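Colleague: The following file, target_0.txt, comprises compact mmCIF, C-alpha atoms:
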```txt
# COMPACT_ATOMS: atom_id res chain seq x y z
CA MET A 1 23.65 -26.16 -17.59
CA LEU A 2 23.66 -24.51 -14.18
CA LEU A 3 20.99 -24.98 -11.54
CA ASN A 4 20.18 -22.27 -9.02
CA CYS A 5 19.14 -24.22 -5.94
CA THR A 6 20.10 -21.53 -3.45
CA ALA A 7 17.63 -19.81 -1.14
CA GLY A 8 15.82 -17.27 -3.27
CA VAL A 9 16.62 -14.36 -0.96
CA ALA A 10 20.36 -15.14 -1.41
CA SER A 11 20.40 -16.14 -5.08
CA VAL A 12 21.70 -12.87 -6.55
CA GLU A 13 24.58 -12.78 -4.09
CA ALA A 14 25.36 -16.46 -4.66
CA LEU A 15 25.45 -16.11 -8.44
CA ALA A 16 27.46 -12.89 -8.21
CA SER A 17 30.19 -14.93 -6.56
CA ALA A 18 30.59 -16.97 -9.75
CA ALA A 19 33.03 -15.72 -12.35
CA ALA A 20 31.25 -13.96 -15.22
CA GLU A 21 32.67 -16.42 -17.75
CA ASP A 22 31.14 -19.31 -15.80
CA LEU A 23 27.69 -17.89 -16.51
CA ASP A 24 28.34 -16.76 -20.07
CA GLY A 25 25.87 -18.40 -22.43
CA LYS A 26 24.95 -21.06 -19.90
CA VAL A 27 21.42 -22.32 -19.38
CA LEU A 28 20.56 -21.37 -15.80
CA LEU A 29 17.64 -23.35 -14.44
CA ASP A 30 16.29 -21.34 -11.52
CA VAL A 31 14.26 -23.47 -9.11
CA ALA A 32 14.41 -20.97 -6.22
CA ASN A 33 11.68 -18.92 -4.60
CA PRO A 34 12.21 -15.52 -2.95
CA LEU A 35 10.72 -16.53 0.39
CA ASP A 36 11.57 -14.72 3.61
CA PHE A 37 11.36 -17.10 6.59
CA SER A 38 12.95 -14.60 9.00
CA HIS A 39 9.59 -13.72 10.55
CA GLY A 40 8.53 -17.35 11.00
CA MET A 41 5.88 -19.33 9.19
CA PRO A 42 4.34 -18.80 6.79
CA PRO A 43 7.09 -17.05 4.82
CA THR A 44 6.39 -14.04 2.62
CA LEU A 45 7.46 -13.37 -0.96
CA THR A 46 10.14 -10.66 -0.98
CA ILE A 47 9.65 -10.09 -4.72
CA ALA A 48 6.11 -10.02 -6.06
CA GLY A 49 3.66 -7.94 -8.03
CA ASP A 50 5.51 -6.44 -11.00
CA ASP A 51 8.73 -8.45 -10.66
CA SER A 52 10.02 -11.91 -9.80
CA LEU A 53 13.25 -13.63 -8.83
CA GLY A 54 13.50 -15.18 -12.28
CA GLU A 55 13.34 -11.77 -13.93
CA THR A 56 15.76 -10.35 -11.38
CA LEU A 57 18.31 -13.05 -12.20
CA GLN A 58 17.92 -12.58 -15.97
CA ARG A 59 18.29 -8.80 -15.57
CA THR A 60 21.27 -9.06 -13.22
CA PHE A 61 23.07 -11.76 -15.23
CA PRO A 62 22.15 -11.02 -18.85
CA GLN A 63 24.89 -13.35 -20.11
CA ALA A 64 23.00 -16.34 -18.65
CA ARG A 65 19.97 -17.91 -20.33
CA VAL A 66 17.60 -18.11 -17.37
CA VAL A 67 14.80 -20.67 -17.36
CA LYS A 68 12.42 -20.73 -14.42
CA GLY A 69 11.11 -24.15 -13.58
CA LEU A 70 10.37 -26.78 -10.94
CA ASN A 71 9.88 -24.10 -8.26
CA THR A 72 6.24 -25.05 -7.69
CA VAL A 73 7.03 -28.48 -6.22
CA ASN A 74 9.23 -29.68 -3.41
CA ALA A 75 12.72 -31.05 -4.05
CA HIS A 76 11.68 -34.71 -3.91
CA VAL A 77 8.88 -34.22 -6.42
CA MET A 78 11.15 -32.13 -8.68
CA VAL A 79 13.31 -35.14 -9.52
CA ASP A 80 10.68 -37.87 -9.04
CA PRO A 81 7.23 -36.68 -10.14
CA ALA A 82 5.93 -40.25 -9.85
CA ARG A 83 5.87 -39.69 -6.06
CA VAL A 84 2.57 -37.89 -6.72
CA PRO A 85 -0.24 -39.60 -8.66
CA GLY A 86 -2.12 -38.06 -11.57
CA GLU A 87 -1.22 -35.84 -14.48
CA HIS A 88 0.12 -33.05 -12.33
CA VAL A 89 1.92 -30.16 -13.92
CA VAL A 90 5.25 -28.37 -14.01
CA TYR A 91 5.90 -25.01 -15.65
CA LEU A 92 8.73 -23.50 -17.66
CA CYS A 93 9.36 -19.94 -18.71
CA GLY A 94 12.29 -18.01 -20.12
CA ASN A 95 13.37 -15.76 -22.95
CA ASP A 96 15.51 -18.33 -24.81
CA GLU A 97 13.62 -21.08 -26.64
CA ALA A 98 16.65 -23.35 -27.00
CA ALA A 99 17.37 -23.04 -23.29
CA LYS A 100 13.79 -24.01 -22.48
CA GLY A 101 14.15 -27.00 -24.78
CA ARG A 102 17.24 -28.14 -22.88
CA VAL A 103 15.41 -27.85 -19.57
CA GLU A 104 12.38 -29.67 -20.95
CA GLU A 105 14.65 -32.60 -21.90
CA LEU A 106 15.99 -32.65 -18.35
CA LEU A 107 12.48 -32.64 -16.89
CA ARG A 108 11.38 -35.47 -19.18
CA SER A 109 14.39 -37.48 -17.99
CA PHE A 110 13.04 -37.04 -14.44
CA GLY A 111 9.69 -38.42 -15.59
CA TRP A 112 7.73 -35.20 -16.08
CA ARG A 113 5.05 -35.46 -18.76
CA GLU A 114 2.82 -32.43 -18.14
CA ILE A 115 5.15 -29.53 -18.92
CA VAL A 116 3.55 -26.16 -19.64
CA ASP A 117 5.53 -23.35 -21.28
CA LEU A 118 4.30 -20.03 -19.88
CA GLY A 119 6.32 -17.88 -22.29
CA ASP A 120 9.03 -15.39 -21.38
CA ILE A 121 10.75 -15.08 -18.02
CA SER A 122 8.02 -12.80 -16.65
CA GLY A 123 6.02 -16.01 -16.26
CA ALA A 124 8.10 -16.45 -13.10
CA ARG A 125 5.69 -13.99 -11.48
CA GLY A 126 3.10 -16.69 -11.98
CA THR A 127 5.00 -19.69 -10.68
CA GLU A 128 6.66 -17.90 -7.75
CA GLY A 129 3.29 -16.44 -6.86
CA VAL A 130 1.96 -19.91 -6.13
CA LEU A 131 4.25 -20.31 -3.13
CA PRO A 132 2.11 -18.56 -0.49
CA LEU A 133 -0.71 -20.97 -1.36
CA TRP A 134 1.67 -23.92 -1.59
CA VAL A 135 3.08 -23.32 1.89
CA ARG A 136 -0.40 -23.08 3.42
CA LEU A 137 -1.53 -26.21 1.63
CA MET A 138 1.49 -28.08 2.92
CA GLY A 139 0.20 -27.31 6.41
CA VAL A 140 -3.39 -28.30 5.65
CA LEU A 141 -2.43 -31.50 3.80
CA GLY A 142 0.33 -32.46 6.21
CA THR A 143 2.71 -33.32 3.39
CA ALA A 144 5.00 -31.60 0.90
CA ASP A 145 4.48 -34.39 -1.62
CA PHE A 146 1.64 -32.80 -3.55
CA ASN A 147 1.10 -30.89 -6.73
CA PHE A 148 -1.67 -29.53 -8.95
CA GLN A 149 -3.34 -31.06 -11.98
CA ILE A 150 -4.97 -28.69 -14.43
CA ARG A 151 -8.60 -29.55 -15.13
CA ARG A 152 -10.29 -27.88 -18.07
CA ALA A 153 -13.65 -27.89 -19.73
CA MET B 1 -24.36 -12.04 3.41
CA LEU B 2 -22.62 -9.52 1.17
CA LEU B 3 -20.54 -10.41 -1.86
CA ASN B 4 -17.70 -8.21 -2.99
CA CYS B 5 -17.67 -8.68 -6.76
CA THR B 6 -16.10 -5.34 -7.57
CA ALA B 7 -12.74 -4.92 -9.29
CA GLY B 8 -10.12 -5.55 -6.62
CA VAL B 9 -8.37 -2.24 -7.21
CA ALA B 10 -11.66 -0.42 -6.47
CA SER B 11 -13.04 -2.62 -3.68
CA VAL B 12 -12.07 -0.45 -0.70
CA GLU B 13 -13.64 2.62 -2.29
CA ALA B 14 -16.76 0.68 -3.27
CA LEU B 15 -17.28 -0.75 0.21
CA ALA B 16 -16.56 2.63 1.82
CA SER B 17 -19.58 3.95 -0.04
CA ALA B 18 -21.82 1.58 1.92
CA ALA B 19 -23.23 2.78 5.22
CA ALA B 20 -21.29 1.39 8.18
CA GLU B 21 -24.42 -0.27 9.56
CA ASP B 22 -24.89 -2.15 6.29
CA LEU B 23 -21.56 -3.92 6.90
CA ASP B 24 -21.94 -4.39 10.64
CA GLY B 25 -21.70 -8.08 11.52
CA LYS B 26 -22.33 -9.15 7.94
CA VAL B 27 -20.52 -12.02 6.28
CA LEU B 28 -18.60 -10.44 3.41
CA LEU B 29 -17.56 -12.96 0.78
CA ASP B 30 -14.71 -11.34 -1.12
CA VAL B 31 -14.22 -12.90 -4.56
CA ALA B 32 -12.13 -10.02 -5.95
CA ASN B 33 -8.48 -9.88 -6.96
CA PRO B 34 -6.31 -6.75 -6.80
CA LEU B 35 -5.29 -6.86 -10.45
CA ASP B 36 -4.10 -3.77 -12.30
CA PHE B 37 -4.97 -4.01 -16.01
CA SER B 38 -4.02 -0.38 -16.72
CA HIS B 39 -0.70 -1.39 -18.31
CA GLY B 40 -2.28 -4.08 -20.51
CA MET B 41 -2.02 -7.83 -20.30
CA PRO B 42 -0.98 -9.61 -18.24
CA PRO B 43 -2.20 -7.62 -15.23
CA THR B 44 -0.08 -7.25 -12.09
CA LEU B 45 -1.07 -7.73 -8.46
CA THR B 46 -1.21 -4.34 -6.73
CA ILE B 47 -1.18 -5.98 -3.30
CA ALA B 48 1.18 -8.89 -2.75
CA GLY B 49 3.98 -10.15 -0.55
CA ASP B 50 3.08 -9.34 3.06
CA ASP B 51 -0.51 -8.26 2.46
CA SER B 52 -3.60 -9.09 0.40
CA LEU B 53 -6.89 -7.55 -0.61
CA GLY B 54 -8.74 -9.86 1.77
CA GLU B 55 -6.67 -8.65 4.71
CA THR B 56 -7.00 -5.04 3.54
CA LEU B 57 -10.79 -5.34 3.54
CA GLN B 58 -10.88 -6.99 6.98
CA ARG B 59 -8.55 -4.30 8.38
CA THR B 60 -10.45 -1.43 6.76
CA PHE B 61 -13.92 -2.74 7.65
CA PRO B 62 -13.43 -4.53 11.00
CA GLN B 63 -17.19 -4.66 11.56
CA ALA B 64 -17.55 -7.07 8.61
CA ARG B 65 -16.71 -10.78 8.80
CA VAL B 66 -14.59 -11.15 5.68
CA VAL B 67 -14.27 -14.54 4.01
CA LYS B 68 -12.05 -14.83 0.97
CA GLY B 69 -13.21 -17.40 -1.52
CA LEU B 70 -13.93 -18.28 -5.15
CA ASN B 71 -11.32 -15.79 -6.40
CA THR B 72 -9.21 -18.54 -7.99
CA VAL B 73 -11.77 -19.42 -10.66
CA ASN B 74 -13.64 -17.42 -13.25
CA ALA B 75 -17.18 -16.21 -12.66
CA HIS B 76 -18.85 -19.02 -14.61
CA VAL B 77 -16.97 -21.70 -12.70
CA MET B 78 -17.64 -19.96 -9.37
CA VAL B 79 -21.35 -20.70 -9.59
CA ASP B 80 -21.17 -23.87 -11.70
CA PRO B 81 -18.11 -25.94 -10.85
CA ALA B 82 -19.47 -28.82 -12.94
CA ARG B 83 -18.36 -26.85 -16.02
CA VAL B 84 -14.91 -28.25 -15.25
CA PRO B 85 -14.38 -32.02 -14.82
CA GLY B 86 -12.53 -33.64 -11.94
CA GLU B 87 -12.24 -33.00 -8.23
CA HIS B 88 -10.94 -29.47 -8.63
CA VAL B 89 -10.62 -27.26 -5.61
CA VAL B 90 -11.86 -24.01 -4.13
CA TYR B 91 -10.40 -22.28 -1.07
CA LEU B 92 -11.82 -20.41 1.89
CA CYS B 93 -10.10 -18.32 4.52
CA GLY B 94 -11.19 -15.86 7.16
CA ASN B 95 -10.99 -15.05 10.84
CA ASP B 96 -14.60 -16.00 11.72
CA GLU B 97 -15.40 -19.71 11.74
CA ALA B 98 -19.17 -19.22 11.61
CA ALA B 99 -18.80 -16.90 8.63
CA LYS B 100 -16.70 -19.50 6.82
CA GLY B 101 -19.38 -22.08 7.57
CA ARG B 102 -22.02 -19.85 5.97
CA VAL B 103 -19.89 -19.43 2.87
CA GLU B 104 -19.17 -23.15 2.71
CA GLU B 105 -22.93 -23.81 2.64
CA LEU B 106 -23.27 -21.36 -0.24
CA LEU B 107 -20.46 -23.05 -2.15
CA ARG B 108 -21.98 -26.49 -1.63
CA SER B 109 -25.26 -25.16 -3.00
CA PHE B 110 -23.35 -24.21 -6.16
CA GLY B 111 -22.05 -27.79 -6.40
CA TRP B 112 -18.58 -27.39 -4.89
CA ARG B 113 -17.31 -30.52 -3.16
CA GLU B 114 -13.58 -29.91 -2.75
CA ILE B 115 -13.48 -26.95 -0.35
CA VAL B 116 -10.21 -26.33 1.49
CA ASP B 117 -10.08 -24.06 4.54
CA LEU B 118 -6.71 -22.26 4.56
CA GLY B 119 -7.20 -20.70 8.00
CA ASP B 120 -7.32 -17.01 8.82
CA ILE B 121 -7.73 -14.18 6.34
CA SER B 122 -4.00 -14.01 5.63
CA GLY B 123 -4.61 -17.09 3.50
CA ALA B 124 -5.83 -14.58 0.92
CA ARG B 125 -2.15 -13.97 0.14
CA GLY B 126 -2.16 -17.53 -1.10
CA THR B 127 -5.29 -17.49 -3.21
CA GLU B 128 -4.77 -14.00 -4.67
CA GLY B 129 -1.18 -14.96 -5.42
CA VAL B 130 -2.41 -17.61 -7.86
CA LEU B 131 -3.77 -15.00 -10.25
CA PRO B 132 -0.57 -14.19 -12.17
CA LEU B 133 -0.29 -17.90 -13.00
CA TRP B 134 -4.01 -18.19 -13.68
CA VAL B 135 -3.99 -15.34 -16.20
CA ARG B 136 -1.03 -16.83 -18.08
CA LEU B 137 -2.63 -20.26 -18.10
CA MET B 138 -5.82 -18.79 -19.51
CA GLY B 139 -3.73 -17.64 -22.46
CA VAL B 140 -1.93 -20.96 -22.90
CA LEU B 141 -5.09 -23.07 -22.53
CA GLY B 142 -7.28 -20.73 -24.56
CA THR B 143 -10.10 -20.91 -22.04
CA ALA B 144 -11.06 -19.47 -18.66
CA ASP B 145 -13.01 -22.61 -17.79
CA PHE B 146 -10.25 -24.41 -15.91
CA ASN B 147 -9.18 -25.05 -12.37
CA PHE B 148 -6.69 -27.05 -10.34
CA GLN B 149 -7.07 -30.42 -8.70
CA ILE B 150 -4.76 -31.17 -5.79
CA ARG B 151 -2.82 -34.42 -6.22
CA ARG B 152 -1.04 -35.86 -3.22
CA ALA B 153 1.08 -38.85 -2.39
```
Turn this file's structure into structure tokens for me.
Modeller:
Amino acid sequence: MLLNCTAGVASVEALASAAAEDLDGKVLLDVANPLDFSHGMPPTLTIAGDDSLGETLQRTFPQARVVKGLNTVNAHVMVDPARVPGEHVVYLCGNDEAAKGRVEELLRSFGWREIVDLGDISGARGTEGVLPLWVRLMGVLGTADFNFQIRRA
Amino acid sequence: MLLNCTAGVASVEALASAAAEDLDGKVLLDVANPLDFSHGMPPTLTIAGDDSLGETLQRTFPQARVVKGLNTVNAHVMVDPARVPGEHVVYLCGNDEAAKGRVEELLRSFGWREIVDLGDISGARGTEGVLPLWVRLMGVLGTADFNFQIRRA
């Protein structure tokens, strides 16, 4: 399994520097967000609307089995969800069911319990789209150690 | 106070049909989302990245005091947050503090208790950006009566 933990605006270039055979058939867990910080805070999404970074990576590197996940929480919470109380949620999406299963096992090993499968890789439009809110909330809350719990009727 | 409850892709045209004096100085609570359903489900955001519908309305109708709010929940939850259990959240943003105060009063009258002020109207990029996730979650959960509770360390 490969993890894309590069800056989202540089991810295509970074992965293009890998040999094709190093991506071939691999599960690629993409935790990046295509945020442009070059104009200061808050950053803007450089890919949005009818596309996403996750889809861009799957399209550009079709030999990889891209799974989008963990990109809606900060790096500390990614690997230690118990930092945040409550039944807060993490999302997965991707076109390959077996690849999503592999990632789900990894997330459970980190302690994640609320794991929601959003379907194919276009679900990355959903999870990347949370970032503009996330960044503003980080400012309001004064911490990056937060997440969302789904409440339903 | 005016409420923009039109389809987001038609909101500019709808508000342009109002007489200028009917917008002048009014608080305009914008609950709409710029979602394009013309290509089927899920819809895509027609404004995203470095702009939002909320900002577009404020820019197009500078005589109105635009407050973005309630657009992250469905219409039933907007006016009856008790439909969903827990301390789930609603957001406000806008350039006019007094206008936000007026809207906050309205939301409290509906029963909202967790009201987060995201700052100026560019915060609409955050709350509108949630919609691609929201629509997918509606499908996964099988209900539109849900919302998010913020959990923090």
Colleague: Is it possible to get the superposed chain A, fitted on chain B over all Cα pairs by sequence order, as a short mmCIF file (atom, residue, chain, number, x, y, z; two decimals) with C-alpha atoms, in the frame of the given file?
Modeller:
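Writing the result to out-v9.cif gives the following:
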```cif
data_model
loop_
_atom_site.label_atom_id
_atom_site.label_comp_id
_atom_site.auth_asym_id
_atom_site.auth_seq_id
_atom_site.Cartn_x
_atom_site.Cartn_y
_atom_site.Cartn_z
CA MET A 1 -24.36 -12.04 3.41
CA LEU A 2 -22.64 -9.53 1.16
CA LEU A 3 -20.53 -10.41 -1.85
CA ASN A 4 -17.68 -8.20 -3.00
CA CYS A 5 -17.65 -8.69 -6.76
CA THR A 6 -16.10 -5.33 -7.57
CA ALA A 7 -12.74 -4.91 -9.28
CA GLY A 8 -10.14 -5.54 -6.62
CA VAL A 9 -8.35 -2.24 -7.20
CA ALA A 10 -11.66 -0.42 -6.46
CA SER A 11 -13.03 -2.63 -3.68
CA VAL A 12 -12.07 -0.46 -0.70
CA GLU A 13 -13.64 2.61 -2.28
CA ALA A 14 -16.76 0.67 -3.27
CA LEU A 15 -17.29 -0.75 0.21
CA ALA A 16 -16.56 2.62 1.81
CA SER A 17 -19.58 3.95 -0.03
CA ALA A 18 -21.82 1.57 1.93
CA ALA A 19 -23.24 2.79 5.21
CA ALA A 20 -21.31 1.38 8.18
CA GLU A 21 -24.44 -0.28 9.57
CA ASP A 22 -24.89 -2.16 6.29
CA LEU A 23 -21.58 -3.92 6.90
CA ASP A 24 -21.96 -4.40 10.64
CA GLY A 25 -21.70 -8.07 11.52
CA LYS A 26 -22.34 -9.15 7.95
CA VAL A 27 -20.53 -12.02 6.28
CA LEU A 28 -18.61 -10.43 3.41
CA LEU A 29 -17.56 -12.95 0.79
CA ASP A 30 -14.71 -11.35 -1.12
CA VAL A 31 -14.21 -12.90 -4.56
CA ALA A 32 -12.12 -10.01 -5.95
CA ASN A 33 -8.48 -9.88 -6.96
CA PRO A 34 -6.30 -6.75 -6.79
CA LEU A 35 -5.28 -6.86 -10.44
CA ASP A 36 -4.09 -3.77 -12.30
CA PHE A 37 -4.97 -4.01 -16.01
CA SER A 38 -4.01 -0.38 -16.71
CA HIS A 39 -0.71 -1.40 -18.30
CA GLY A 40 -2.28 -4.08 -20.51
CA MET A 41 -2.01 -7.84 -20.30
CA PRO A 42 -0.99 -9.61 -18.25
CA PRO A 43 -2.18 -7.61 -15.23
CA THR A 44 -0.08 -7.25 -12.09
CA LEU A 45 -1.07 -7.74 -8.46
CA THR A 46 -1.21 -4.34 -6.74
CA ILE A 47 -1.17 -5.99 -3.30
CA ALA A 48 1.19 -8.90 -2.75
CA GLY A 49 3.99 -10.16 -0.55
CA ASP A 50 3.10 -9.35 3.06
CA ASP A 51 -0.51 -8.26 2.46
CA SER A 52 -3.58 -9.10 0.41
CA LEU A 53 -6.88 -7.55 -0.61
CA GLY A 54 -8.73 -9.85 1.77
CA GLU A 55 -6.66 -8.65 4.70
CA THR A 56 -6.99 -5.05 3.55
CA LEU A 57 -10.78 -5.34 3.54
CA GLN A 58 -10.89 -6.99 6.98
CA ARG A 59 -8.56 -4.30 8.38
CA THR A 60 -10.46 -1.43 6.76
CA PHE A 61 -13.93 -2.75 7.65
CA PRO A 62 -13.44 -4.53 10.98
CA GLN A 63 -17.21 -4.66 11.56
CA ALA A 64 -17.56 -7.06 8.60
CA ARG A 65 -16.72 -10.77 8.81
CA VAL A 66 -14.59 -11.14 5.68
CA VAL A 67 -14.27 -14.54 4.02
CA LYS A 68 -12.04 -14.85 0.97
CA GLY A 69 -13.21 -17.39 -1.53
CA LEU A 70 -13.94 -18.28 -5.15
CA ASN A 71 -11.31 -15.81 -6.40
CA THR A 72 -9.20 -18.55 -7.99
CA VAL A 73 -11.78 -19.42 -10.66
CA ASN A 74 -13.65 -17.42 -13.25
CA ALA A 75 -17.20 -16.21 -12.65
CA HIS A 76 -18.86 -19.03 -14.60
CA VAL A 77 -16.97 -21.72 -12.70
CA MET A 78 -17.64 -19.96 -9.37
CA VAL A 79 -21.36 -20.71 -9.57
CA ASP A 80 -21.19 -23.88 -11.70
CA PRO A 81 -18.10 -25.95 -10.84
CA ALA A 82 -19.48 -28.82 -12.93
CA ARG A 83 -18.37 -26.84 -16.01
CA VAL A 84 -14.90 -28.25 -15.24
CA PRO A 85 -14.37 -32.01 -14.83
CA GLY A 86 -12.52 -33.63 -11.94
CA GLU A 87 -12.24 -33.00 -8.23
CA HIS A 88 -10.95 -29.48 -8.63
CA VAL A 89 -10.62 -27.26 -5.61
CA VAL A 90 -11.86 -24.01 -4.12
CA TYR A 91 -10.40 -22.29 -1.07
CA LEU A 92 -11.81 -20.40 1.89
CA CYS A 93 -10.10 -18.32 4.51
CA GLY A 94 -11.19 -15.84 7.15
CA ASN A 95 -11.00 -15.04 10.83
CA ASP A 96 -14.60 -15.98 11.72
CA GLU A 97 -15.40 -19.70 11.74
CA ALA A 98 -19.17 -19.21 11.61
CA ALA A 99 -18.80 -16.89 8.63
CA LYS A 100 -16.70 -19.49 6.83
CA GLY A 101 -19.38 -22.07 7.58
CA ARG A 102 -22.02 -19.85 5.98
CA VAL A 103 -19.89 -19.42 2.87
CA GLU A 104 -19.17 -23.14 2.70
CA GLU A 105 -22.93 -23.81 2.65
CA LEU A 106 -23.28 -21.37 -0.23
CA LEU A 107 -20.46 -23.04 -2.16
CA ARG A 108 -21.97 -26.49 -1.62
CA SER A 109 -25.27 -25.16 -3.00
CA PHE A 110 -23.34 -24.22 -6.16
CA GLY A 111 -22.05 -27.78 -6.39
CA TRP A 112 -18.58 -27.38 -4.89
CA ARG A 113 -17.31 -30.51 -3.15
CA GLU A 114 -13.57 -29.90 -2.76
CA ILE A 115 -13.47 -26.96 -0.35
CA VAL A 116 -10.20 -26.32 1.48
CA ASP A 117 -10.07 -24.05 4.54
CA LEU A 118 -6.71 -22.26 4.56
CA GLY A 119 -7.19 -20.70 8.00
CA ASP A 120 -7.32 -17.00 8.82
CA ILE A 121 -7.74 -14.17 6.33
CA SER A 122 -4.00 -14.01 5.64
CA GLY A 123 -4.61 -17.09 3.50
CA ALA A 124 -5.82 -14.56 0.92
CA ARG A 125 -2.15 -13.97 0.15
CA GLY A 126 -2.16 -17.53 -1.09
CA THR A 127 -5.29 -17.49 -3.22
CA GLU A 128 -4.76 -14.01 -4.68
CA GLY A 129 -1.18 -14.98 -5.43
CA VAL A 130 -2.39 -17.62 -7.86
CA LEU A 131 -3.76 -15.00 -10.25
CA PRO A 132 -0.56 -14.19 -12.18
CA LEU A 133 -0.29 -17.90 -13.01
CA TRP A 134 -4.01 -18.19 -13.68
CA VAL A 135 -3.99 -15.34 -16.20
CA ARG A 136 -1.03 -16.83 -18.08
CA LEU A 137 -2.62 -20.26 -18.11
CA MET A 138 -5.81 -18.79 -19.52
CA GLY A 139 -3.72 -17.63 -22.47
CA VAL A 140 -1.93 -20.95 -22.91
CA LEU A 141 -5.09 -23.06 -22.54
CA GLY A 142 -7.28 -20.72 -24.56
CA THR A 143 -10.10 -20.91 -22.04
CA ALA A 144 -11.07 -19.47 -18.66
CA ASP A 145 -13.01 -22.61 -17.80
CA PHE A 146 -10.26 -24.40 -15.92
CA ASN A 147 -9.19 -25.04 -12.39
CA PHE A 148 -6.69 -27.05 -10.35
CA GLN A 149 -7.06 -30.43 -8.69
CA ILE A 150 -4.76 -31.19 -5.79
CA ARG A 151 -2.83 -34.43 -6.23
CA ARG A 152 -1.04 -35.86 -3.23
CA ALA A 153 1.07 -38.84 -2.40
#
```
Colleague: I want to know what sits within 10 Å of Ile121 of chain A, based on all atoms listed in the file, with residues of the same chain fewer than 3 positions away left out; could you give that as a ChimeraX atom specification?
Modeller: /A:52-58,65-68,92-96,118,124-126
Colleague: Residues within 6 Å of Ala64 of chain A, please, as a PyMOL selection string. Count all atoms listed in the file; anything in the same chain fewer than 5 positions from it doesn't count.
Modeller: chain A and resi 23-26
Colleague: Kindly determine which residues of chain B lie within 6 Å of chain A, considering only C-alpha atoms, and give the answer as a PyMOL selection string.
Modeller: chain B and resi 44-45+48-50+84+126+129-130+132-133+145-153
Colleague: The residues within 9 Å of (-19.3, -18.4, 4.4), using all atoms listed in the file and the coordinates of the file, should be reported as a list in words; which are they?
Modeller: Met1, Val27, Leu28, Leu29, Val66, Val67, Lys68, Gly69, Leu92, Gly94, Glu97, Ala98, Ala99, Lys100, Gly101, Arg102, Val103, Glu104, Glu105, Leu106 and Leu107 of chain B
Colleague: Report as a PyMOL selection string all protein, DNA and RNA residues lying within 6 Å of Val9 of chain A, evaluated on all atoms listed in the file, omitting residues in the same chain fewer than 2 positions from it.
Modeller: chain A and resi 7+11+34
Colleague: Output, as JSON, the centre and edge lengths in Å (one decimal) of the axis-aligned box that contains all listed atoms of segment 48-56 of chain B with 5 Å of margin on each side.
Modeller:
```
{"center_x": -2.4, "center_y": -7.6, "center_z": 1.0, "size_x": 22.7, "size_y": 15.1, "size_z": 17.5}
```
Colleague: To one decimal place, how far is atom CA of Asp120 of chain A from atom CA of Thr72 of chain B in Å?
Modeller: 22.8 Å
Colleague: Kindly give the distance, in Å, that separates atom CA of Leu15 of chain A and atom CA of Ala75 of chain A, rounded to a single decimal.
Modeller: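 For atom CA of Leu15 of chain A relative to atom CA of Ala75 of chain A, the distance reads 20.1 Å.
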